[in-house]
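Undergrad: Please find one structure pasted underneath; my questions will follow.
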Amino acid sequence: AANPIFPLARTAGGFNMDSLNMAGPARDFVSIGGGKSELDAYLARAAQAAGVRVSAEPTPEAGYYFRSDQFSLAKMGVPMLYGRGGEDLVNGGQEAGRAASQDYRANRYHGVEDEYNEAWDWSGAVTDVGIYYRVGRELATGEAWPNWNQGDEFRAIRDASRAGQ
């Protein structure tokens, strides 16, 4: 965010895409830090097109939105989404999804064990990538200028940066 390729005041928004669902297809897609910006509508449309629903973050107390890659841009006023594959798995439901998430956080998250595994089921990741693509495509080709929701801590920064354009 300190050295952007394009001026941040001219950046419509973004999506942190650093997580893919490798546990198999899910019925949902998790919005981490959802409810912060008008980008939620973009995510809802993309999820609907992918045949899944958007779910709220199951562990907001962990503060993932405020300590992940998109946060540096959010602090500069750029509306940012952060999402990941859901926990309501087609095979095993929410119980299996929670177990897969807990296993990942306990055994691989930011650790040396977090590497390729031949047992991964890529079908969930394919859905995730489709959602990321749809949001990005709509941002890139649309004429709307998404903003943070009224009252959000980043709204004033965005408004001030846009006022100079």
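All residue names refer to the structure tokens as shown: chains lettered A, B, ... in order, residues numbered from 1 in each chain, ligands numbered from 1 in order.
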If you run DSSP over the backbone, which residues in stretch 22-65 of chain A end up strand (DSSP E)? Put them as an MDAnalysis selection string.
TA: chainID A and resid 28:31 53:56
Undergrad: Name the residues of chain A that come out as helix (DSSP H, G or I) in a backbone DSSP run; write them as a PyMOL selection string.
TA: chain A and resi 8-10+39-50+60-62+64-67+71-74+93-107+123-141+155-163
Undergrad: Looking at only C-alpha atoms, which of A:Arg10, A:Ala47, A:Arg27, A:Met22 is the one that sits closest to A:Tyr133?
TA: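 Using only C-alpha atoms, A:Tyr133 sits closest to A:Ala47.
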Undergrad: Looking at only C-alpha atoms, which of A:Arg105, A:Arg67, A:Lys75, A:Arg53 is the one that sits closest to A:Arg155?
TA: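 Once distances to A:Arg155 are computed over only C-alpha atoms, the minimum belongs to A:Lys75.
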Undergrad: Could you name the residues that touch stretch 138-154 of chain A at 12 Å or less, counting only C-alpha atoms, but leaving out those on the same chain fewer than 6 positions away, as a short mmCIF file (atom, residue, chain, number, x, y, z; two decimals) with N, CA, C and O atoms, in the first residue's frame?
TA:
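part.cif written:
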```cif
data_model
loop_
_atom_site.label_atom_id
_atom_site.label_comp_id
_atom_site.auth_asym_id
_atom_site.auth_seq_id
_atom_site.Cartn_x
_atom_site.Cartn_y
_atom_site.Cartn_z
N ALA A 9 -6.16 6.30 -4.75
CA ALA A 9 -7.39 7.07 -4.95
C ALA A 9 -8.10 6.68 -6.24
O ALA A 9 -9.28 6.98 -6.41
N ARG A 10 -7.39 6.00 -7.13
CA ARG A 10 -7.98 5.53 -8.39
C ARG A 10 -8.14 4.01 -8.41
O ARG A 10 -8.36 3.42 -9.46
N THR A 11 -8.02 3.38 -7.25
CA THR A 11 -8.17 1.93 -7.14
C THR A 11 -9.58 1.64 -6.63
O THR A 11 -9.94 2.05 -5.52
N ALA A 12 -10.37 0.94 -7.44
CA ALA A 12 -11.78 0.71 -7.11
C ALA A 12 -11.95 -0.15 -5.86
O ALA A 12 -12.84 0.07 -5.06
N GLY A 13 -11.11 -1.14 -5.69
CA GLY A 13 -11.24 -2.06 -4.56
C GLY A 13 -10.39 -3.29 -4.82
O GLY A 13 -9.69 -3.38 -5.83
N GLY A 14 -10.46 -4.22 -3.91
CA GLY A 14 -9.66 -5.43 -4.08
C GLY A 14 -10.19 -6.58 -3.25
O GLY A 14 -11.13 -6.44 -2.47
N PHE A 15 -9.53 -7.73 -3.43
CA PHE A 15 -9.95 -8.97 -2.80
C PHE A 15 -8.70 -9.75 -2.41
O PHE A 15 -7.87 -10.06 -3.27
N GLY A 33 -14.61 -10.46 7.89
CA GLY A 33 -14.78 -9.02 8.06
C GLY A 33 -15.91 -8.47 7.22
O GLY A 33 -15.93 -7.29 6.88
N GLY A 34 -16.87 -9.29 6.88
CA GLY A 34 -17.98 -8.85 6.06
C GLY A 34 -18.79 -7.75 6.73
O GLY A 34 -18.72 -7.56 7.94
N GLY A 35 -19.53 -7.02 5.92
CA GLY A 35 -20.35 -5.94 6.45
C GLY A 35 -19.65 -4.60 6.51
O GLY A 35 -20.19 -3.64 7.05
N LYS A 36 -18.43 -4.52 5.94
CA LYS A 36 -17.66 -3.30 6.03
C LYS A 36 -17.83 -2.38 4.82
O LYS A 36 -17.69 -1.17 4.96
N SER A 37 -18.11 -2.95 3.66
CA SER A 37 -18.14 -2.10 2.46
C SER A 37 -19.20 -2.55 1.46
O SER A 37 -19.81 -3.61 1.61
N GLU A 38 -19.36 -1.72 0.44
CA GLU A 38 -20.28 -2.03 -0.64
C GLU A 38 -19.80 -3.22 -1.47
O GLU A 38 -20.56 -3.74 -2.30
N LEU A 39 -18.58 -3.67 -1.25
CA LEU A 39 -18.09 -4.85 -1.96
C LEU A 39 -18.83 -6.12 -1.55
O LEU A 39 -18.79 -7.13 -2.26
N ASP A 40 -19.53 -6.08 -0.42
CA ASP A 40 -20.32 -7.25 -0.02
C ASP A 40 -21.32 -7.63 -1.10
O ASP A 40 -21.58 -8.81 -1.32
N ALA A 41 -21.89 -6.64 -1.78
CA ALA A 41 -22.85 -6.93 -2.85
C ALA A 41 -22.16 -7.63 -4.02
O ALA A 41 -22.75 -8.51 -4.65
N TYR A 42 -20.92 -7.25 -4.32
CA TYR A 42 -20.16 -7.91 -5.38
C TYR A 42 -19.95 -9.38 -5.01
O TYR A 42 -20.10 -10.27 -5.85
N LEU A 43 -19.57 -9.61 -3.76
CA LEU A 43 -19.34 -10.97 -3.30
C LEU A 43 -20.63 -11.78 -3.34
O LEU A 43 -20.63 -12.95 -3.76
N ARG A 45 -23.18 -11.44 -5.35
CA ARG A 45 -23.50 -11.78 -6.75
C ARG A 45 -22.58 -12.89 -7.25
O ARG A 45 -23.02 -13.82 -7.93
N ALA A 46 -21.31 -12.80 -6.93
CA ALA A 46 -20.35 -13.82 -7.39
C ALA A 46 -20.65 -15.18 -6.75
O ALA A 46 -20.58 -16.21 -7.42
N PHE A 66 -8.15 -7.88 10.30
CA PHE A 66 -7.24 -6.82 10.72
C PHE A 66 -5.79 -7.25 10.81
O PHE A 66 -4.94 -6.49 11.26
N PHE A 71 -5.31 -5.74 4.71
CA PHE A 71 -5.46 -4.68 5.71
C PHE A 71 -4.61 -3.45 5.40
O PHE A 71 -5.04 -2.33 5.65
N SER A 72 -3.43 -3.63 4.81
CA SER A 72 -2.60 -2.46 4.50
C SER A 72 -3.30 -1.55 3.49
O SER A 72 -3.19 -0.32 3.58
N LEU A 73 -4.02 -2.12 2.55
CA LEU A 73 -4.77 -1.32 1.58
C LEU A 73 -6.04 -0.74 2.22
O LEU A 73 -6.40 0.41 1.95
N ALA A 74 -6.70 -1.50 3.05
CA ALA A 74 -7.89 -1.00 3.74
C ALA A 74 -7.55 0.23 4.57
O ALA A 74 -8.29 1.23 4.56
N LYS A 75 -6.45 0.19 5.28
CA LYS A 75 -6.05 1.34 6.11
C LYS A 75 -5.81 2.59 5.28
O LYS A 75 -5.89 3.69 5.80
N MET A 76 -5.53 2.42 3.99
CA MET A 76 -5.32 3.55 3.09
C MET A 76 -6.62 3.97 2.40
O MET A 76 -6.62 4.83 1.54
N GLY A 77 -7.73 3.32 2.76
CA GLY A 77 -9.03 3.70 2.25
C GLY A 77 -9.58 2.85 1.12
O GLY A 77 -10.72 3.06 0.70
N VAL A 78 -8.82 1.92 0.59
CA VAL A 78 -9.29 1.09 -0.53
C VAL A 78 -10.21 0.00 0.02
O VAL A 78 -9.80 -0.80 0.86
N PRO A 79 -11.47 -0.05 -0.45
CA PRO A 79 -12.36 -1.12 0.01
C PRO A 79 -11.77 -2.49 -0.37
O PRO A 79 -11.38 -2.71 -1.52
N MET A 80 -11.71 -3.37 0.59
CA MET A 80 -11.09 -4.67 0.39
C MET A 80 -11.96 -5.78 0.97
O MET A 80 -12.49 -5.64 2.07
N LEU A 81 -12.09 -6.84 0.20
CA LEU A 81 -12.74 -8.05 0.67
C LEU A 81 -11.68 -9.06 1.09
O LEU A 81 -10.56 -9.05 0.58
N ILE A 131 -15.25 -17.38 -7.82
CA ILE A 131 -15.77 -16.24 -7.05
C ILE A 131 -14.80 -15.07 -7.10
O ILE A 131 -15.20 -13.93 -7.36
N TYR A 132 -13.53 -15.34 -6.87
CA TYR A 132 -12.51 -14.28 -6.94
C TYR A 132 -12.54 -13.61 -8.32
O TYR A 132 -12.49 -12.39 -8.44
N ALA A 160 -11.90 11.19 1.57
CA ALA A 160 -10.89 12.23 1.41
C ALA A 160 -10.01 11.96 0.19
O ALA A 160 -9.67 12.89 -0.56
N SER A 161 -9.65 10.71 -0.04
CA SER A 161 -8.79 10.41 -1.19
C SER A 161 -9.52 10.65 -2.50
O SER A 161 -8.93 11.11 -3.47
N ARG A 162 -10.80 10.37 -2.54
CA ARG A 162 -11.60 10.57 -3.75
C ARG A 162 -11.91 12.05 -4.00
O ARG A 162 -12.13 12.45 -5.13
#
```
Undergrad: As an exercise, work out the distance from atom CA of A:Gly83 to atom CA of A:Ser19 in Å and give it to one decimal place.
TA: 7.6 Å
Undergrad: Give me the residues near A:Ser123 as a list in words, where near means some atom within 7 Å (using only C-alpha atoms) and where sequence neighbours in that chain fewer than 2 positions away do not count.
TA: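 Once the nearby chain positions are removed, what remains is Gly24, Pro25, Asp121, Ala125, Val126 and Thr127 of chain A.
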Undergrad: May I have the selected residues written with C-alpha atoms, as a CSV table (one decimal), in the first residue's frame?
TA:
```
chain,number,residue,atom,x,y,z
A,24,GLY,CA,-13.8,-30.3,-1.2
A,25,PRO,CA,-16.8,-28.5,-2.5
A,121,ASP,CA,-9.8,-32.1,-3.4
A,125,ALA,CA,-10.7,-24.4,-4.9
A,126,VAL,CA,-12.1,-24.2,-8.4
A,127,THR,CA,-15.3,-22.6,-6.9
```
